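To keep things clear, I will list the structure first and then write my remarks on it.
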Amino acid sequence: MGSVTTRTAAFDELVRQNEDDLSRYFQRRLLDSEDAAEAFGELLLTAWKLRRRIPADQTEARMWLFVTARNVMLNSRRTVARRSAAVQRLADEMRATAPTFAIDDVSTELRGAIAALPADDAELVRLVYWDGLPSHEAAAVLGINPSTARSRLAKTRKQLRAALGEADPDGQPPHD
């Protein structure tokens, strides 16, 4: 019985340590706070059900939560895609009139440039620059090799600079 209590306490502590970061993860990716709250609740339920799979190492456990959060979000998006056309139109109208989530010091132009990137590259940028994950941890969340993540980040930074009309750090103007 003690091991169940210990496992429960460890799960509770892991969630407490990461709940703010995970909540922001959903808020930055979903258009309204109700969807973010629902996704966070689904993450807690899913993580609880799979708690025996949580790695013992704190960093790996944190990454496991982020991977699980990403899967919850992707499942949520698939569910939304399956909604009827009428429900989808209503949801789109509600999103259009809802205030957008304000990301600290991130311009609308930059958010648009990130959104225009391929989905995995945009998610990598968000994980590293919005969520503060090191590139190797972001790679783990996305299921890619850390060196692949680093090279994608370098390529993506150049694309973003070009999209924003900024010069490369070596002084080269953006290419057209």
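Naming works like this for the structure tokens: A, B, ... for the chains as they're shown, residue 1 at the start of each chain, ligands 1 onward in shown order.
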
List the spatial neighbours of range 128-139 of chain A as a ChimeraX atom specification - criterion: any atom at most 12 Å away, only C-alpha atoms, same-chain residues fewer than 3 positions off excluded.
/A:18,20-29,59-67,70,103-106,111,114,120-125,142-154,156-157

Quick one: write out the picked residues with C-alpha atoms as a PDB file, in the first residue's frame?
```pdb
ATOM      1  CA  ASN A  18       5.132  21.770 -13.735  1.00  0.00           C
ATOM      2  CA  ASP A  20       2.257  26.572 -14.586  1.00  0.00           C
ATOM      3  CA  ASP A  21       4.521  25.665 -17.517  1.00  0.00           C
ATOM      4  CA  LEU A  22       2.030  23.105 -18.818  1.00  0.00           C
ATOM      5  CA  SER A  23      -0.860  25.526 -18.468  1.00  0.00           C
ATOM      6  CA  ARG A  24       1.062  28.139 -20.470  1.00  0.00           C
ATOM      7  CA  TYR A  25       1.931  25.445 -23.038  1.00  0.00           C
ATOM      8  CA  PHE A  26      -1.781  24.973 -23.755  1.00  0.00           C
ATOM      9  CA  GLN A  27      -2.651  28.685 -23.528  1.00  0.00           C
ATOM     10  CA  ARG A  28      -0.070  29.564 -26.166  1.00  0.00           C
ATOM     11  CA  ARG A  29      -1.308  26.958 -28.601  1.00  0.00           C
ATOM     12  CA  THR A  59      13.872  15.942 -16.085  1.00  0.00           C
ATOM     13  CA  GLU A  60      12.637  12.871 -17.938  1.00  0.00           C
ATOM     14  CA  ALA A  61       9.358  13.008 -15.994  1.00  0.00           C
ATOM     15  CA  ARG A  62       8.924  16.667 -17.011  1.00  0.00           C
ATOM     16  CA  MET A  63       9.606  15.775 -20.642  1.00  0.00           C
ATOM     17  CA  TRP A  64       7.138  12.883 -20.371  1.00  0.00           C
ATOM     18  CA  LEU A  65       4.481  15.371 -19.218  1.00  0.00           C
ATOM     19  CA  PHE A  66       5.236  17.679 -22.166  1.00  0.00           C
ATOM     20  CA  VAL A  67       5.079  14.777 -24.633  1.00  0.00           C
ATOM     21  CA  ARG A  70       1.429  17.519 -26.937  1.00  0.00           C
ATOM     22  CA  ILE A 103       2.282  36.605 -25.652  1.00  0.00           C
ATOM     23  CA  ASP A 104       4.751  38.748 -23.737  1.00  0.00           C
ATOM     24  CA  ASP A 105       6.724  40.973 -26.087  1.00  0.00           C
ATOM     25  CA  VAL A 106       5.924  38.918 -29.204  1.00  0.00           C
ATOM     26  CA  ARG A 111       3.540  35.365 -34.390  1.00  0.00           C
ATOM     27  CA  ILE A 114       6.013  31.582 -36.789  1.00  0.00           C
ATOM     28  CA  ASP A 120       6.894  20.950 -36.595  1.00  0.00           C
ATOM     29  CA  ASP A 121       9.310  23.870 -37.057  1.00  0.00           C
ATOM     30  CA  ALA A 122       6.818  26.307 -35.527  1.00  0.00           C
ATOM     31  CA  GLU A 123       6.293  23.980 -32.585  1.00  0.00           C
ATOM     32  CA  LEU A 124      10.055  23.666 -32.101  1.00  0.00           C
ATOM     33  CA  VAL A 125      10.382  27.476 -31.996  1.00  0.00           C
ATOM     34  CA  LEU A 142       8.795  16.297 -30.742  1.00  0.00           C
ATOM     35  CA  GLY A 143      10.380  12.844 -30.990  1.00  0.00           C
ATOM     36  CA  ILE A 144      13.338  14.003 -33.071  1.00  0.00           C
ATOM     37  CA  ASN A 145      17.109  13.788 -32.713  1.00  0.00           C
ATOM     38  CA  PRO A 146      18.674  16.699 -30.736  1.00  0.00           C
ATOM     39  CA  SER A 147      21.058  17.506 -33.595  1.00  0.00           C
ATOM     40  CA  THR A 148      18.078  17.659 -35.959  1.00  0.00           C
ATOM     41  CA  ALA A 149      16.388  20.106 -33.590  1.00  0.00           C
ATOM     42  CA  ARG A 150      19.480  22.326 -33.476  1.00  0.00           C
ATOM     43  CA  SER A 151      19.828  22.408 -37.265  1.00  0.00           C
ATOM     44  CA  ARG A 152      16.089  23.103 -37.690  1.00  0.00           C
ATOM     45  CA  LEU A 153      16.331  25.951 -35.188  1.00  0.00           C
ATOM     46  CA  ALA A 154      19.239  27.504 -37.089  1.00  0.00           C
ATOM     47  CA  THR A 156      14.142  28.487 -38.867  1.00  0.00           C
ATOM     48  CA  ARG A 157      15.820  31.538 -37.290  1.00  0.00           C
TER      49      ARG A 157
END
```

For Thr68 in chain A, which of A:Ala113, A:Leu14, A:Val141, A:Ala9 is the closest residue, counting only C-alpha atoms?
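Once distances to Thr68 in chain A are computed over only C-alpha atoms, the minimum belongs to A:Val141.
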
Counting only C-alpha atoms, what is within 10 Å of range 74-79 of chain A, bar same-chain residues fewer than 5 positions away, as a VMD selection string?
chain A and resid 30 35 38 to 39 42 68 to 69

Of A:Asn71, A:Ser33, A:Ala10, A:Ala115, the one sitting nearest Ala56 in chain A when using only C-alpha atoms is A:Ala10

Phe11 in chain A: which residues within 9 Å, counting only C-alpha atoms, same-chain residues fewer than 6 positions away excluded, as a ChimeraX atom specification?
/A:47-48,51,54

What are the DSSP helix (DSSP H, G or I) residues of range 21-156 of chain A, as a JSON list (two decimals) with N, CA and C atoms, in the first residue's frame?
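The result, stored in selection00.json:
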```
[["chain", "number", "residue", "atom", "x", "y", "z"],
["A", 21, "ASP", "N", 3.93, 25.80, -16.18],
["A", 21, "ASP", "CA", 4.52, 25.66, -17.52],
["A", 21, "ASP", "C", 3.59, 24.92, -18.47],
["A", 22, "LEU", "N", 2.94, 23.88, -17.97],
["A", 22, "LEU", "CA", 2.03, 23.10, -18.82],
["A", 22, "LEU", "C", 0.78, 23.91, -19.16],
["A", 23, "SER", "N", 0.30, 24.67, -18.21],
["A", 23, "SER", "CA", -0.86, 25.53, -18.47],
["A", 23, "SER", "C", -0.53, 26.55, -19.55],
["A", 24, "ARG", "N", 0.64, 27.18, -19.44],
["A", 24, "ARG", "CA", 1.06, 28.14, -20.47],
["A", 24, "ARG", "C", 1.26, 27.44, -21.82],
["A", 25, "TYR", "N", 1.75, 26.22, -21.80],
["A", 25, "TYR", "CA", 1.93, 25.45, -23.04],
["A", 25, "TYR", "C", 0.60, 25.39, -23.80],
["A", 26, "PHE", "N", -0.48, 25.06, -23.09],
["A", 26, "PHE", "CA", -1.78, 24.97, -23.76],
["A", 26, "PHE", "C", -2.30, 26.36, -24.12],
["A", 27, "GLN", "N", -2.14, 27.34, -23.25],
["A", 27, "GLN", "CA", -2.65, 28.68, -23.53],
["A", 27, "GLN", "C", -2.02, 29.29, -24.77],
["A", 28, "ARG", "N", -0.76, 29.00, -25.01],
["A", 28, "ARG", "CA", -0.07, 29.56, -26.17],
["A", 28, "ARG", "C", -0.46, 28.89, -27.47],
["A", 29, "ARG", "N", -1.02, 27.72, -27.39],
["A", 29, "ARG", "CA", -1.31, 26.96, -28.60],
["A", 29, "ARG", "C", -2.79, 26.88, -28.94],
["A", 33, "SER", "N", -9.17, 30.29, -23.66],
["A", 33, "SER", "CA", -8.76, 29.76, -22.37],
["A", 33, "SER", "C", -9.60, 28.55, -21.95],
["A", 34, "GLU", "N", -10.83, 28.45, -22.43],
["A", 34, "GLU", "CA", -11.65, 27.27, -22.10],
["A", 34, "GLU", "C", -11.05, 26.02, -22.74],
["A", 35, "ASP", "N", -10.61, 26.13, -23.99],
["A", 35, "ASP", "CA", -9.97, 24.99, -24.65],
["A", 35, "ASP", "C", -8.68, 24.62, -23.93],
["A", 36, "ALA", "N", -7.92, 25.64, -23.51],
["A", 36, "ALA", "CA", -6.66, 25.38, -22.79],
["A", 36, "ALA", "C", -6.94, 24.69, -21.46],
["A", 37, "ALA", "N", -7.94, 25.15, -20.74],
["A", 37, "ALA", "CA", -8.29, 24.54, -19.45],
["A", 37, "ALA", "C", -8.78, 23.11, -19.65],
["A", 38, "GLU", "N", -9.57, 22.90, -20.69],
["A", 38, "GLU", "CA", -10.05, 21.54, -20.97],
["A", 38, "GLU", "C", -8.90, 20.61, -21.33],
["A", 39, "ALA", "N", -7.98, 21.10, -22.14],
["A", 39, "ALA", "CA", -6.81, 20.29, -22.52],
["A", 39, "ALA", "C", -5.94, 19.99, -21.30],
["A", 40, "PHE", "N", -5.77, 20.97, -20.41],
["A", 40, "PHE", "CA", -4.99, 20.75, -19.20],
["A", 40, "PHE", "C", -5.65, 19.68, -18.33],
["A", 41, "GLY", "N", -6.96, 19.75, -18.19],
["A", 41, "GLY", "CA", -7.68, 18.73, -17.43],
["A", 41, "GLY", "C", -7.52, 17.35, -18.05],
["A", 42, "GLU", "N", -7.59, 17.29, -19.38],
["A", 42, "GLU", "CA", -7.41, 16.02, -20.08],
["A", 42, "GLU", "C", -5.99, 15.49, -19.88],
["A", 43, "LEU", "N", -5.01, 16.40, -19.87],
["A", 43, "LEU", "CA", -3.63, 16.00, -19.59],
["A", 43, "LEU", "C", -3.52, 15.36, -18.20],
["A", 44, "LEU", "N", -4.13, 15.99, -17.20],
["A", 44, "LEU", "CA", -4.06, 15.44, -15.84],
["A", 44, "LEU", "C", -4.69, 14.06, -15.77],
["A", 45, "LEU", "N", -5.83, 13.91, -16.41],
["A", 45, "LEU", "CA", -6.50, 12.61, -16.41],
["A", 45, "LEU", "C", -5.65, 11.56, -17.13],
["A", 46, "THR", "N", -5.12, 11.91, -18.28],
["A", 46, "THR", "CA", -4.29, 10.98, -19.05],
["A", 46, "THR", "C", -3.02, 10.61, -18.27],
["A", 47, "ALA", "N", -2.37, 11.63, -17.71],
["A", 47, "ALA", "CA", -1.13, 11.38, -16.95],
["A", 47, "ALA", "C", -1.41, 10.51, -15.74],
["A", 48, "TRP", "N", -2.54, 10.74, -15.08],
["A", 48, "TRP", "CA", -2.90, 9.92, -13.92],
["A", 48, "TRP", "C", -3.08, 8.46, -14.33],
["A", 49, "LYS", "N", -3.77, 8.25, -15.43],
["A", 49, "LYS", "CA", -4.00, 6.89, -15.91],
["A", 49, "LYS", "C", -2.69, 6.19, -16.27],
["A", 51, "ARG", "N", 0.36, 6.96, -15.01],
["A", 51, "ARG", "CA", 1.39, 7.36, -14.03],
["A", 51, "ARG", "C", 2.45, 6.31, -13.78],
["A", 52, "ARG", "N", 2.14, 5.05, -14.02],
["A", 52, "ARG", "CA", 3.16, 4.00, -13.83],
["A", 52, "ARG", "C", 4.27, 4.10, -14.87],
["A", 53, "ARG", "N", 4.00, 4.80, -15.97],
["A", 53, "ARG", "CA", 5.00, 4.95, -17.04],
["A", 53, "ARG", "C", 5.89, 6.18, -16.85],
["A", 58, "GLN", "N", 13.59, 13.37, -12.67],
["A", 58, "GLN", "CA", 12.74, 14.56, -12.71],
["A", 58, "GLN", "C", 12.69, 15.21, -14.10],
["A", 59, "THR", "N", 13.84, 15.33, -14.76],
["A", 59, "THR", "CA", 13.87, 15.94, -16.09],
["A", 59, "THR", "C", 13.12, 15.08, -17.08],
["A", 60, "GLU", "N", 13.36, 13.77, -17.03],
["A", 60, "GLU", "CA", 12.64, 12.87, -17.94],
["A", 60, "GLU", "C", 11.14, 12.86, -17.64],
["A", 61, "ALA", "N", 10.78, 12.96, -16.37],
["A", 61, "ALA", "CA", 9.36, 13.01, -15.99],
["A", 61, "ALA", "C", 8.72, 14.28, -16.55],
["A", 62, "ARG", "N", 9.43, 15.40, -16.46],
["A", 62, "ARG", "CA", 8.92, 16.67, -17.01],
["A", 62, "ARG", "C", 8.73, 16.53, -18.52],
["A", 63, "MET", "N", 9.72, 15.95, -19.19],
["A", 63, "MET", "CA", 9.61, 15.77, -20.64],
["A", 63, "MET", "C", 8.44, 14.85, -20.98],
["A", 64, "TRP", "N", 8.25, 13.81, -20.16],
["A", 64, "TRP", "CA", 7.14, 12.88, -20.37],
["A", 64, "TRP", "C", 5.82, 13.64, -20.29],
["A", 65, "LEU", "N", 5.71, 14.56, -19.33],
["A", 65, "LEU", "CA", 4.48, 15.37, -19.22],
["A", 65, "LEU", "C", 4.28, 16.24, -20.46],
["A", 66, "PHE", "N", 5.37, 16.85, -20.97],
["A", 66, "PHE", "CA", 5.24, 17.68, -22.17],
["A", 66, "PHE", "C", 4.87, 16.84, -23.39],
["A", 67, "VAL", "N", 5.44, 15.66, -23.53],
["A", 67, "VAL", "CA", 5.08, 14.78, -24.63],
["A", 67, "VAL", "C", 3.60, 14.40, -24.52],
["A", 68, "THR", "N", 3.17, 14.06, -23.31],
["A", 68, "THR", "CA", 1.77, 13.72, -23.08],
["A", 68, "THR", "C", 0.87, 14.92, -23.38],
["A", 69, "ALA", "N", 1.31, 16.12, -22.98],
["A", 69, "ALA", "CA", 0.54, 17.34, -23.26],
["A", 69, "ALA", "C", 0.40, 17.56, -24.77],
["A", 70, "ARG", "N", 1.47, 17.35, -25.48],
["A", 70, "ARG", "CA", 1.43, 17.52, -26.94],
["A", 70, "ARG", "C", 0.47, 16.51, -27.56],
["A", 71, "ASN", "N", 0.51, 15.27, -27.09],
["A", 71, "ASN", "CA", -0.41, 14.25, -27.62],
["A", 71, "ASN", "C", -1.85, 14.60, -27.31],
["A", 72, "VAL", "N", -2.11, 15.11, -26.10],
["A", 72, "VAL", "CA", -3.47, 15.53, -25.74],
["A", 72, "VAL", "C", -3.92, 16.64, -26.69],
["A", 73, "MET", "N", -3.03, 17.61, -26.93],
["A", 73, "MET", "CA", -3.38, 18.72, -27.81],
["A", 73, "MET", "C", -3.66, 18.23, -29.23],
["A", 74, "LEU", "N", -2.81, 17.34, -29.73],
["A", 74, "LEU", "CA", -3.03, 16.82, -31.08],
["A", 74, "LEU", "C", -4.34, 16.03, -31.16],
["A", 75, "ASN", "N", -4.64, 15.24, -30.15],
["A", 75, "ASN", "CA", -5.92, 14.51, -30.12],
["A", 75, "ASN", "C", -7.09, 15.48, -30.07],
["A", 76, "SER", "N", -6.92, 16.56, -29.30],
["A", 76, "SER", "CA", -7.97, 17.57, -29.21],
["A", 76, "SER", "C", -8.21, 18.21, -30.57],
["A", 77, "ARG", "N", -7.13, 18.50, -31.29],
["A", 77, "ARG", "CA", -7.27, 19.10, -32.63],
["A", 77, "ARG", "C", -7.95, 18.14, -33.59],
["A", 78, "ARG", "N", -7.64, 16.86, -33.49],
["A", 78, "ARG", "CA", -8.30, 15.88, -34.37],
["A", 78, "ARG", "C", -9.80, 15.82, -34.05],
["A", 79, "THR", "N", -10.13, 15.90, -32.78],
["A", 79, "THR", "CA", -11.54, 15.87, -32.38],
["A", 79, "THR", "C", -12.27, 17.07, -32.96],
["A", 80, "VAL", "N", -11.65, 18.24, -32.86],
["A", 80, "VAL", "CA", -12.25, 19.46, -33.40],
["A", 80, "VAL", "C", -12.45, 19.32, -34.91],
["A", 81, "ALA", "N", -11.48, 18.72, -35.58],
["A", 81, "ALA", "CA", -11.58, 18.57, -37.03],
["A", 81, "ALA", "C", -12.75, 17.68, -37.44],
["A", 85, "ALA", "N", -20.03, 20.57, -39.67],
["A", 85, "ALA", "CA", -19.76, 21.86, -40.30],
["A", 85, "ALA", "C", -20.43, 23.00, -39.54],
["A", 86, "ALA", "N", -21.65, 22.80, -39.06],
["A", 86, "ALA", "CA", -22.36, 23.85, -38.33],
["A", 86, "ALA", "C", -21.67, 24.18, -37.02],
["A", 87, "VAL", "N", -21.27, 23.17, -36.29],
["A", 87, "VAL", "CA", -20.57, 23.40, -35.03],
["A", 87, "VAL", "C", -19.23, 24.06, -35.30],
["A", 88, "GLN", "N", -18.55, 23.65, -36.34],
["A", 88, "GLN", "CA", -17.26, 24.24, -36.67],
["A", 88, "GLN", "C", -17.41, 25.72, -37.04],
["A", 89, "ARG", "N", -18.45, 26.06, -37.82],
["A", 89, "ARG", "CA", -18.68, 27.47, -38.18],
["A", 89, "ARG", "C", -18.92, 28.31, -36.93],
["A", 90, "LEU", "N", -19.73, 27.79, -36.00],
["A", 90, "LEU", "CA", -20.00, 28.51, -34.76],
["A", 90, "LEU", "C", -18.71, 28.68, -33.95],
["A", 91, "ALA", "N", -17.91, 27.64, -33.86],
["A", 91, "ALA", "CA", -16.64, 27.74, -33.13],
["A", 91, "ALA", "C", -15.72, 28.76, -33.78],
["A", 92, "ASP", "N", -15.68, 28.79, -35.11],
["A", 92, "ASP", "CA", -14.84, 29.76, -35.83],
["A", 92, "ASP", "C", -15.31, 31.19, -35.56],
["A", 93, "GLU", "N", -16.62, 31.40, -35.55],
["A", 93, "GLU", "CA", -17.16, 32.74, -35.27],
["A", 93, "GLU", "C", -16.81, 33.17, -33.85],
["A", 94, "MET", "N", -16.90, 32.24, -32.91],
["A", 94, "MET", "CA", -16.57, 32.56, -31.52],
["A", 94, "MET", "C", -15.08, 32.89, -31.38],
["A", 95, "ARG", "N", -14.24, 32.14, -32.06],
["A", 95, "ARG", "CA", -12.79, 32.41, -32.01],
["A", 95, "ARG", "C", -12.46, 33.77, -32.62],
["A", 96, "ALA", "N", -13.17, 34.12, -33.71],
["A", 96, "ALA", "CA", -12.89, 35.38, -34.39],
["A", 96, "ALA", "C", -13.23, 36.58, -33.52],
["A", 97, "THR", "N", -14.21, 36.46, -32.66],
["A", 97, "THR", "CA", -14.61, 37.57, -31.81],
["A", 97, "THR", "C", -13.93, 37.55, -30.45],
["A", 108, "THR", "N", 2.70, 40.80, -33.36],
["A", 108, "THR", "CA", 1.76, 40.10, -34.24],
["A", 108, "THR", "C", 2.48, 39.63, -35.50],
["A", 109, "GLU", "N", 3.40, 40.45, -35.99],
["A", 109, "GLU", "CA", 4.16, 40.08, -37.19],
["A", 109, "GLU", "C", 4.99, 38.82, -36.95],
["A", 110, "LEU", "N", 5.66, 38.74, -35.79],
["A", 110, "LEU", "CA", 6.46, 37.57, -35.47],
["A", 110, "LEU", "C", 5.57, 36.34, -35.27],
["A", 111, "ARG", "N", 4.46, 36.50, -34.56],
["A", 111, "ARG", "CA", 3.54, 35.36, -34.39],
["A", 111, "ARG", "C", 3.06, 34.86, -35.74],
["A", 112, "GLY", "N", 2.77, 35.77, -36.66],
["A", 112, "GLY", "CA", 2.35, 35.37, -38.01],
["A", 112, "GLY", "C", 3.45, 34.64, -38.75],
["A", 113, "ALA", "N", 4.69, 35.13, -38.60],
["A", 113, "ALA", "CA", 5.83, 34.48, -39.27],
["A", 113, "ALA", "C", 6.04, 33.07, -38.71],
["A", 114, "ILE", "N", 5.88, 32.92, -37.40],
["A", 114, "ILE", "CA", 6.01, 31.58, -36.79],
["A", 114, "ILE", "C", 4.89, 30.67, -37.28],
["A", 115, "ALA", "N", 3.68, 31.20, -37.33],
["A", 115, "ALA", "CA", 2.54, 30.40, -37.78],
["A", 115, "ALA", "C", 2.69, 29.97, -39.23],
["A", 119, "ALA", "N", 4.51, 23.09, -39.50],
["A", 119, "ALA", "CA", 3.98, 22.87, -38.15],
["A", 119, "ALA", "C", 5.05, 22.41, -37.15],
["A", 120, "ASP", "N", 5.88, 21.45, -37.53],
["A", 120, "ASP", "CA", 6.89, 20.95, -36.59],
["A", 120, "ASP", "C", 7.95, 21.99, -36.29],
["A", 121, "ASP", "N", 8.33, 22.81, -37.29],
["A", 121, "ASP", "CA", 9.31, 23.87, -37.06],
["A", 121, "ASP", "C", 8.73, 24.95, -36.15],
["A", 122, "ALA", "N", 7.47, 25.31, -36.38],
["A", 122, "ALA", "CA", 6.82, 26.31, -35.53],
["A", 122, "ALA", "C", 6.73, 25.81, -34.09],
["A", 123, "GLU", "N", 6.39, 24.55, -33.93],
["A", 123, "GLU", "CA", 6.29, 23.98, -32.58],
["A", 123, "GLU", "C", 7.65, 23.95, -31.90],
["A", 124, "LEU", "N", 8.70, 23.66, -32.65],
["A", 124, "LEU", "CA", 10.06, 23.67, -32.10],
["A", 124, "LEU", "C", 10.41, 25.07, -31.61],
["A", 125, "VAL", "N", 10.12, 26.09, -32.39],
["A", 125, "VAL", "CA", 10.38, 27.48, -32.00],
["A", 125, "VAL", "C", 9.60, 27.81, -30.73],
["A", 126, "ARG", "N", 8.34, 27.43, -30.69],
["A", 126, "ARG", "CA", 7.52, 27.72, -29.50],
["A", 126, "ARG", "C", 8.06, 27.01, -28.27],
["A", 127, "LEU", "N", 8.43, 25.76, -28.39],
["A", 127, "LEU", "CA", 8.97, 25.01, -27.25],
["A", 127, "LEU", "C", 10.24, 25.65, -26.71],
["A", 128, "VAL", "N", 11.12, 26.07, -27.61],
["A", 128, "VAL", "CA", 12.41, 26.64, -27.18],
["A", 128, "VAL", "C", 12.25, 28.07, -26.69],
["A", 129, "TYR", "N", 11.58, 28.92, -27.47],
["A", 129, "TYR", "CA", 11.56, 30.35, -27.14],
["A", 129, "TYR", "C", 10.37, 30.77, -26.28],
["A", 130, "TRP", "N", 9.24, 30.11, -26.37],
["A", 130, "TRP", "CA", 8.11, 30.49, -25.53],
["A", 130, "TRP", "C", 8.08, 29.70, -24.23],
["A", 135, "SER", "N", 17.02, 22.98, -26.44],
["A", 135, "SER", "CA", 16.72, 22.33, -27.72],
["A", 135, "SER", "C", 16.67, 20.81, -27.61],
["A", 136, "HIS", "N", 17.51, 20.20, -26.77],
["A", 136, "HIS", "CA", 17.47, 18.74, -26.66],
["A", 136, "HIS", "C", 16.18, 18.26, -25.99],
["A", 137, "GLU", "N", 15.63, 19.05, -25.07],
["A", 137, "GLU", "CA", 14.36, 18.67, -24.45],
["A", 137, "GLU", "C", 13.20, 18.89, -25.43],
["A", 138, "ALA", "N", 13.26, 19.98, -26.18],
["A", 138, "ALA", "CA", 12.24, 20.21, -27.21],
["A", 138, "ALA", "C", 12.27, 19.08, -28.23],
["A", 139, "ALA", "N", 13.47, 18.62, -28.56],
["A", 139, "ALA", "CA", 13.61, 17.49, -29.49],
["A", 139, "ALA", "C", 12.93, 16.26, -28.93],
["A", 140, "ALA", "N", 13.08, 16.02, -27.63],
["A", 140, "ALA", "CA", 12.44, 14.85, -27.01],
["A", 140, "ALA", "C", 10.92, 14.96, -27.08],
["A", 141, "VAL", "N", 10.38, 16.16, -26.86],
["A", 141, "VAL", "CA", 8.93, 16.36, -26.94],
["A", 141, "VAL", "C", 8.43, 16.06, -28.35],
["A", 142, "LEU", "N", 9.20, 16.49, -29.34],
["A", 142, "LEU", "CA", 8.79, 16.30, -30.74],
["A", 142, "LEU", "C", 9.17, 14.93, -31.29],
["A", 146, "PRO", "N", 18.25, 15.36, -31.17],
["A", 146, "PRO", "CA", 18.67, 16.70, -30.74],
["A", 146, "PRO", "C", 19.46, 17.47, -31.80],
["A", 147, "SER", "N", 20.30, 16.80, -32.55],
["A", 147, "SER", "CA", 21.06, 17.51, -33.60],
["A", 147, "SER", "C", 20.12, 17.98, -34.70],
["A", 148, "THR", "N", 19.08, 17.23, -34.98],
["A", 148, "THR", "CA", 18.08, 17.66, -35.96],
["A", 148, "THR", "C", 17.38, 18.91, -35.46],
["A", 149, "ALA", "N", 17.05, 18.93, -34.17],
["A", 149, "ALA", "CA", 16.39, 20.11, -33.59],
["A", 149, "ALA", "C", 17.28, 21.34, -33.71],
["A", 150, "ARG", "N", 18.57, 21.19, -33.40],
["A", 150, "ARG", "CA", 19.48, 22.33, -33.48],
["A", 150, "ARG", "C", 19.60, 22.85, -34.91],
["A", 151, "SER", "N", 19.71, 21.95, -35.88],
["A", 151, "SER", "CA", 19.83, 22.41, -37.26],
["A", 151, "SER", "C", 18.52, 23.05, -37.75],
["A", 152, "ARG", "N", 17.38, 22.49, -37.32],
["A", 152, "ARG", "CA", 16.09, 23.10, -37.69],
["A", 152, "ARG", "C", 15.95, 24.49, -37.08],
["A", 153, "LEU", "N", 16.40, 24.63, -35.83],
["A", 153, "LEU", "CA", 16.33, 25.95, -35.19],
["A", 153, "LEU", "C", 17.17, 26.97, -35.95],
["A", 154, "ALA", "N", 18.37, 26.59, -36.35],
["A", 154, "ALA", "CA", 19.24, 27.50, -37.09],
["A", 154, "ALA", "C", 18.57, 27.91, -38.40],
["A", 155, "LYS", "N", 18.04, 26.94, -39.12],
["A", 155, "LYS", "CA", 17.37, 27.21, -40.40],
["A", 155, "LYS", "C", 16.13, 28.08, -40.18],
["A", 156, "THR", "N", 15.38, 27.77, -39.15],
["A", 156, "THR", "CA", 14.14, 28.49, -38.87],
["A", 156, "THR", "C", 14.42, 29.93, -38.45]]
```

Take CA of Leu117 in chain A and CA of Lys158 in chain A and report the distance between them in Å, one decimal.
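Taking CA of Leu117 in chain A and CA of Lys158 in chain A, their separation equals 11.6 Å.
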